[in-house]
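Okay, entry23.txt now, which holds compact mmCIF, C-alpha atoms:
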```txt
# COMPACT_ATOMS: atom_id res chain seq x y z
CA GLY A 1 88.44 111.08 217.19
CA GLU A 2 88.92 112.55 213.74
CA ASN A 3 92.21 112.02 211.93
CA VAL A 4 93.19 114.08 208.88
CA GLU A 5 96.06 113.08 206.63
CA GLN A 6 97.53 115.50 204.11
CA HIS A 7 99.80 114.95 201.09
CA PRO A 8 102.27 115.95 199.87
CA SER A 9 104.23 117.57 202.68
CA THR A 10 106.13 119.72 200.18
CA LEU A 11 105.26 120.76 196.66
CA SER A 12 107.28 122.80 194.21
CA VAL A 13 105.71 124.09 191.00
CA GLN A 14 106.68 126.60 188.36
CA GLU A 15 104.80 129.84 188.12
CA GLY A 16 101.70 129.37 186.00
CA ASP A 17 101.40 125.66 186.68
CA SER A 18 98.67 124.06 188.78
CA ALA A 19 99.07 122.69 192.29
CA VAL A 20 96.97 119.99 193.94
CA ILE A 21 96.96 119.11 197.64
CA LYS A 22 95.02 116.12 198.92
CA CYS A 23 93.55 115.25 202.31
CA THR A 24 91.73 112.25 203.70
CA TYR A 25 89.63 112.14 206.85
CA SER A 26 88.52 109.27 209.03
CA ASP A 27 85.20 110.29 210.58
CA SER A 28 82.32 109.93 208.14
CA ALA A 29 80.31 112.37 210.28
CA SER A 30 82.64 115.25 209.35
CA ASN A 31 80.80 117.76 207.23
CA TYR A 32 82.87 120.96 207.14
CA PHE A 33 86.24 121.15 205.36
CA PRO A 34 88.16 124.46 205.38
CA TRP A 35 91.54 125.19 203.87
CA TYR A 36 93.91 127.63 205.56
CA LYS A 37 96.96 129.39 204.16
CA GLN A 38 99.79 130.30 206.52
CA GLU A 39 102.63 132.48 205.34
CA LEU A 40 105.89 132.34 207.24
CA GLY A 41 105.47 133.81 210.72
CA LYS A 42 101.88 134.81 210.12
CA ARG A 43 98.48 133.64 211.23
CA PRO A 44 96.51 130.94 209.37
CA GLN A 45 93.90 132.50 207.11
CA LEU A 46 90.89 130.80 205.58
CA ILE A 47 91.07 130.70 201.80
CA ILE A 48 88.17 128.43 200.92
CA ASP A 49 85.86 125.93 202.58
CA ILE A 50 83.33 123.34 201.54
CA ARG A 51 80.45 121.63 203.25
CA SER A 52 79.35 118.06 202.70
CA ASN A 53 76.22 119.00 200.77
CA VAL A 54 78.31 120.07 197.75
CA GLY A 55 80.98 118.29 195.74
CA GLU A 56 82.95 121.26 194.43
CA LYS A 57 83.45 124.93 195.14
CA LYS A 58 85.46 127.46 193.20
CA ASP A 59 86.76 130.93 193.97
CA GLN A 60 88.81 132.48 191.16
CA ARG A 61 92.04 130.43 190.92
CA ILE A 62 91.22 128.22 193.89
CA ALA A 63 88.88 125.24 193.93
CA VAL A 64 88.10 122.50 196.41
CA THR A 65 86.56 119.11 195.62
CA LEU A 66 85.01 116.68 198.08
CA ASN A 67 84.40 112.95 197.71
CA LYS A 68 82.31 111.88 200.69
CA THR A 69 82.28 108.22 199.72
CA ALA A 70 86.06 108.02 199.65
CA LYS A 71 86.41 110.52 202.52
CA HIS A 72 88.87 112.74 200.75
CA PHE A 73 88.99 116.34 199.61
CA SER A 74 91.48 118.29 197.54
CA LEU A 75 92.64 121.86 196.99
CA HIS A 76 93.39 122.95 193.43
CA ILE A 77 95.29 126.14 192.65
CA THR A 78 95.54 127.10 188.99
CA GLU A 79 97.90 129.60 187.36
CA THR A 80 100.08 129.67 190.44
CA GLN A 81 101.90 132.88 191.37
CA PRO A 82 104.88 133.50 193.68
CA GLU A 83 102.55 134.94 196.31
CA ASP A 84 100.85 131.54 196.54
CA SER A 85 104.01 130.25 198.24
CA ALA A 86 103.00 129.32 201.80
CA VAL A 87 101.99 126.38 203.98
CA TYR A 88 98.48 125.13 203.32
CA PHE A 89 96.46 123.23 205.92
CA CYS A 90 93.31 121.24 205.40
CA ALA A 91 90.93 120.61 208.27
CA ALA A 92 87.72 118.80 209.07
CA SER A 93 84.98 119.10 211.66
CA ILE A 94 81.58 117.77 212.59
CA GLY A 95 78.72 120.19 212.92
CA GLY A 96 79.21 122.28 209.81
CA THR A 97 81.17 125.03 211.54
CA ALA A 98 84.67 125.88 212.71
CA SER A 99 83.97 124.05 215.96
CA LYS A 100 86.49 121.37 216.96
CA LEU A 101 88.57 121.51 213.80
CA THR A 102 91.13 118.75 213.22
CA PHE A 103 93.98 119.95 211.01
CA GLY A 104 96.22 118.09 208.61
CA THR A 105 99.99 118.30 208.90
CA GLY A 106 100.37 120.94 206.21
CA THR A 107 101.83 121.25 202.70
CA ARG A 108 104.62 123.67 201.97
CA LEU A 109 104.01 125.05 198.48
CA GLN A 110 106.87 126.75 196.70
CA VAL A 111 106.13 128.54 193.45
CA THR A 112 109.29 129.14 191.46
CA LEU A 113 109.84 131.66 188.68
CA GLU B 1 87.09 145.05 211.96
CA ALA B 2 89.85 144.51 214.49
CA GLY B 3 91.35 141.04 214.50
CA VAL B 4 92.10 138.59 217.29
CA ALA B 5 94.72 140.09 219.59
CA GLN B 6 97.26 137.99 221.46
CA SER B 7 100.10 138.81 223.79
CA PRO B 8 102.93 138.40 224.25
CA ARG B 9 104.24 137.62 220.76
CA TYR B 10 107.28 135.79 222.07
CA LYS B 11 108.20 134.19 225.36
CA ILE B 12 111.26 132.29 226.49
CA ILE B 13 111.17 130.48 229.82
CA GLU B 14 113.06 127.75 231.58
CA LYS B 15 111.50 124.36 232.11
CA ARG B 16 109.41 124.07 235.25
CA GLN B 17 108.57 127.76 235.14
CA SER B 18 105.04 128.99 234.55
CA VAL B 19 103.75 131.15 231.72
CA ALA B 20 100.46 132.77 230.73
CA PHE B 21 99.12 133.89 227.38
CA TRP B 22 96.33 136.37 226.77
CA CYS B 23 93.76 136.56 223.98
CA ASN B 24 91.16 139.15 223.06
CA PRO B 25 88.76 137.80 220.42
CA ILE B 26 86.93 139.73 217.74
CA SER B 27 84.09 141.70 219.27
CA GLY B 28 80.86 139.75 219.29
CA HIS B 29 82.47 136.35 218.75
CA ALA B 30 81.02 133.96 221.28
CA THR B 31 83.33 131.05 220.48
CA LEU B 32 87.02 131.15 221.38
CA TYR B 33 89.65 128.51 220.69
CA TRP B 34 93.19 127.86 221.84
CA TYR B 35 95.39 125.85 219.48
CA GLN B 36 98.92 124.55 219.91
CA GLN B 37 101.06 124.51 216.76
CA ILE B 38 104.33 122.63 217.08
CA LEU B 39 106.91 123.48 214.42
CA GLY B 40 106.15 121.65 211.19
CA GLN B 41 102.71 120.47 212.28
CA GLY B 42 99.14 121.63 211.94
CA PRO B 43 97.36 123.40 214.78
CA LYS B 44 95.95 121.13 217.47
CA LEU B 45 92.86 122.23 219.38
CA LEU B 46 93.53 122.49 223.12
CA ILE B 47 90.30 124.02 224.34
CA GLN B 48 87.15 125.61 222.97
CA PHE B 49 84.88 128.03 224.83
CA GLN B 50 81.43 129.20 224.00
CA ASN B 51 80.90 132.40 225.95
CA ASN B 52 82.49 131.50 229.31
CA GLY B 53 81.70 127.79 229.20
CA VAL B 54 84.03 125.02 228.03
CA VAL B 55 82.77 123.14 224.95
CA ASP B 56 85.75 120.84 224.47
CA ASP B 57 88.99 120.41 226.41
CA SER B 58 89.64 116.76 225.56
CA GLN B 59 93.16 117.48 224.25
CA LEU B 60 94.21 119.86 227.01
CA PRO B 61 96.91 118.38 229.29
CA LYS B 62 95.05 119.29 232.41
CA ASP B 63 97.87 118.37 234.77
CA ARG B 64 99.80 121.42 233.59
CA PHE B 65 97.58 123.49 231.30
CA SER B 66 94.61 125.59 232.36
CA ALA B 67 92.47 128.15 230.60
CA GLU B 68 89.71 130.49 231.54
CA ARG B 69 87.43 132.94 229.84
CA LEU B 70 85.97 135.16 232.47
CA LYS B 71 82.94 137.21 231.41
CA GLY B 72 82.90 135.46 228.06
CA VAL B 73 85.35 137.84 226.34
CA ASP B 74 89.12 137.73 226.99
CA SER B 75 90.84 134.46 227.72
CA THR B 76 94.07 133.34 229.32
CA LEU B 77 95.96 130.08 228.83
CA LYS B 78 98.44 129.05 231.49
CA ILE B 79 101.13 126.41 231.61
CA GLN B 80 102.54 125.39 234.97
CA PRO B 81 105.09 123.86 235.09
CA ALA B 82 106.37 124.07 231.51
CA LYS B 83 108.18 121.23 229.80
CA LEU B 84 110.56 121.32 226.85
CA GLU B 85 107.91 119.73 224.61
CA ASP B 86 105.59 122.67 225.26
CA SER B 87 107.71 124.76 222.89
CA ALA B 88 105.25 125.78 220.18
CA VAL B 89 103.16 128.62 218.84
CA TYR B 90 99.95 129.07 220.79
CA LEU B 91 97.20 130.37 218.55
CA CYS B 92 93.97 131.88 219.71
CA ALA B 93 91.01 131.99 217.34
CA SER B 94 87.43 133.14 217.54
CA SER B 95 84.23 132.71 215.58
CA LEU B 96 80.60 133.60 215.63
CA THR B 97 78.32 130.88 216.87
CA GLY B 98 76.06 129.17 214.41
CA GLY B 99 76.23 127.93 210.84
CA ASN B 100 78.50 129.21 208.10
CA THR B 101 81.11 130.42 210.56
CA GLU B 102 84.81 131.00 210.00
CA ALA B 103 87.52 130.79 212.65
CA PHE B 104 89.73 133.90 212.67
CA PHE B 105 93.20 133.37 214.09
CA GLY B 106 95.45 135.67 216.04
CA GLN B 107 99.18 136.10 215.33
CA GLY B 108 100.04 133.61 218.05
CA THR B 109 102.52 133.50 220.91
CA ARG B 110 105.76 131.71 220.19
CA LEU B 111 106.87 129.89 223.36
CA THR B 112 110.36 128.53 223.74
CA VAL B 113 111.09 126.38 226.78
CA VAL B 114 114.79 125.93 227.51
```
Please rewrite the model in this file as structure tokens.
Amino acid sequence: GENVEQHPSTLSVQEGDSAVIKCTYSDSASNYFPWYKQELGKRPQLIIDIRSNVGEKKDQRIAVTLNKTAKHFSLHITETQPEDSAVYFCAASIGGTASKLTFGTGTRLQVTL
Amino acid sequence: EAGVAQSPRYKIIEKRQSVAFWCNPISGHATLYWYQQILGQGPKLLIQFQNNGVVDDSQLPKDRFSAERLKGVDSTLKIQPAKLEDSAVYLCASSLTGGNTEAFFGQGTRLTVV
């Protein structure tokens, strides 16, 4: 089955700096890659996703890049703010939808003042 | 729109006891998922329903876990008997069926087995 690895496990940045979280996947048939943000004690919420027919997608301060050849994708957060502090999970699935998602192990992002 | 509802929010049981969790998905969402999230890890898919049929239950420990989705709406997940390693947050999610879909998660049920 699919295996998703995520790095780093923890990341601390100063407010205003950029943060990058990287994931690799094993199944070349995977074609849907969402990113979820989970604040302490709360539900995971989708923040951005990308499908395999595009290489990059941007939404305000958040961007995701995908390299299908290398089987890795990354989350980029620019101009970080304290409210960006949370655990971020990458995931992958086959079929282009949220069906049968395999999640990474998570990255705890801490944005310091 | 109303979100995915789950109950209870917290549950503490002794090992070998049984427990059940309930989920009410977003209205109109044909696909329902149960995930297990152990502390410090990402969610792991246990079972996926489309309407009242099982799409995938390959990671469900069927000797102790069972799930049903009668009438294709609400769902229950049961553990019997519970083990210490079942301590986790059990997340229910739902999505529309088809392309360009997003999985919406509930708040989860935090299970502690002592």
Compare A:His7, A:Arg43, A:Arg108, A:His72 by their minimum atom-to-atom distance to chain B, counting all atoms listed in the file, and give me the closest one.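 When distances to chain B are compared using all atoms listed in the file, the smallest one comes from A:Arg43.
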Taking all atoms listed in the file into account, produce a table as JSON lines in which each residue of chain A with an atom at most 8 Å from an atom of chain B appears once, together with its shortest atom pair and the distance in Å to one decimal, ordered by chain and rising number.
```
{"residue": "A:Lys42", "atom": "CA", "partner": "B:Gln107", "partner_atom": "CA", "distance": 6.0}
{"residue": "A:Arg43", "atom": "CA", "partner": "B:Gln107", "partner_atom": "CA", "distance": 4.8}
{"residue": "A:Pro44", "atom": "CA", "partner": "B:Phe105", "partner_atom": "CA", "distance": 6.3}
{"residue": "A:Gln45", "atom": "CA", "partner": "B:Phe105", "partner_atom": "CA", "distance": 7.1}
{"residue": "A:Leu46", "atom": "CA", "partner": "B:Glu102", "partner_atom": "CA", "distance": 7.5}
{"residue": "A:Phe89", "atom": "CA", "partner": "B:Gly42", "partner_atom": "CA", "distance": 6.8}
{"residue": "A:Gly96", "atom": "CA", "partner": "B:Gly99", "partner_atom": "CA", "distance": 6.5}
{"residue": "A:Thr97", "atom": "CA", "partner": "B:Thr101", "partner_atom": "CA", "distance": 5.5}
{"residue": "A:Ala98", "atom": "CA", "partner": "B:Ala103", "partner_atom": "CA", "distance": 5.7}
{"residue": "A:Ser99", "atom": "CA", "partner": "B:Gln48", "partner_atom": "CA", "distance": 7.9}
{"residue": "A:Lys100", "atom": "CA", "partner": "B:Leu45", "partner_atom": "CA", "distance": 6.9}
{"residue": "A:Leu101", "atom": "CA", "partner": "B:Leu45", "partner_atom": "CA", "distance": 7.1}
{"residue": "A:Thr102", "atom": "CA", "partner": "B:Lys44", "partner_atom": "CA", "distance": 6.9}
{"residue": "A:Phe103", "atom": "CA", "partner": "B:Gly42", "partner_atom": "CA", "distance": 5.5}
{"residue": "A:Gly104", "atom": "CA", "partner": "B:Gly42", "partner_atom": "CA", "distance": 5.7}
{"residue": "A:Thr105", "atom": "CA", "partner": "B:Gly42", "partner_atom": "CA", "distance": 4.6}
{"residue": "A:Gly106", "atom": "CA", "partner": "B:Gly42", "partner_atom": "CA", "distance": 5.9}
```
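Nearest to A:Ile48 of all the residues A:Leu75, A:Ala86, A:Cys23, A:Ile94 is A:Leu75, based on all atoms listed in the file.
Note that atom CA of A:Phe73 and atom CA of A:Tyr32 are 10.7 Å apart.
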At what distance in Å, to one decimal, does atom CA of B:Thr109 lie from atom CA of B:Pro25?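 A separation of 14.4 Å between them.
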Take the point (103.2, 135.5, 192.9) in the file's coordinates, draw a sphere of radius 9 Å around it, and report as a compact mmCIF listing (two decimals) with C-alpha atoms, keeping the file's coordinate frame every protein, DNA or RNA residue with an atom inside or on it, counting all atoms listed in the file.
```
# COMPACT_ATOMS: atom_id res chain seq x y z
CA GLU A 15 104.80 129.84 188.12
CA THR A 80 100.08 129.67 190.44
CA GLN A 81 101.90 132.88 191.37
CA PRO A 82 104.88 133.50 193.68
CA GLU A 83 102.55 134.94 196.31
CA ASP A 84 100.85 131.54 196.54
CA SER A 85 104.01 130.25 198.24
CA VAL A 111 106.13 128.54 193.45
CA THR A 112 109.29 129.14 191.46
CA LEU A 113 109.84 131.66 188.68
```
Choose the residue, out of B:His29, B:Lys83, B:Arg64, B:Lys71, that has the smallest atom-to-atom separation from B:Ile12; count all atoms listed in the file. B:Lys83
What does the structure give for the distance between atom CA of A:Val87 and atom CA of A:Gly16, in Å to one decimal? 18.2 Å
Applying 10 Å and only C-alpha atoms, which residues near B:Glu85 remain after dropping the ones on its own chain fewer than 2 positions away? List them as a PyMOL selection string. chain B and resi 15+38+82-83+87-88+112-114
Have a look at B:Tyr10, B:Ile26, B:Asp63, B:Ala5 and name the one nearest to B:Thr76; count only C-alpha atoms. B:Ala5
Skipping near chain neighbours, those fewer than 5 positions away, what residues fall within 9 Å of B:Glu68 using all atoms listed in the file, listed as a list in words? Phe49, Asn52, Gly53, Val54, Asp74, Ser75, Thr76, Leu77 and Lys78 of chain B
Report, as lines of an AutoDock Vina configuration file, the axis-aligned box around all atoms of stretch 48-61 of chain A present in the file, extended by 5 Å on each side; give centre and edge lengths in Å to one decimal place.
```
center_x = 84.1
center_y = 125.3
center_z = 197.1
size_x = 25.8
size_y = 24.4
size_z = 22.3
```
Identify the residues around (81.6, 145.4, 216.8) within a radius of 9 Å, measuring from all atoms listed in the file in the coordinates stated by the file, and give them as a PyMOL selection string. chain B and resi 1-2+26-28
If you keep C-alpha atoms, can you produce a file of those selected residues as a short mmCIF file (atom, residue, chain, number, x, y, z; two decimals), keeping the file's coordinate frame?
```
data_model
loop_
_atom_site.label_atom_id
_atom_site.label_comp_id
_atom_site.auth_asym_id
_atom_site.auth_seq_id
_atom_site.Cartn_x
_atom_site.Cartn_y
_atom_site.Cartn_z
CA GLU B 1 87.09 145.05 211.96
CA ALA B 2 89.85 144.51 214.49
CA ILE B 26 86.93 139.73 217.74
CA SER B 27 84.09 141.70 219.27
CA GLY B 28 80.86 139.75 219.29
#
```
Give the answer as one residue: which of B:Asn51, B:Gly72, B:Ala67, B:Glu14 has the shortest atom-to-atom distance to B:Trp34, using only C-alpha atoms? B:Ala67
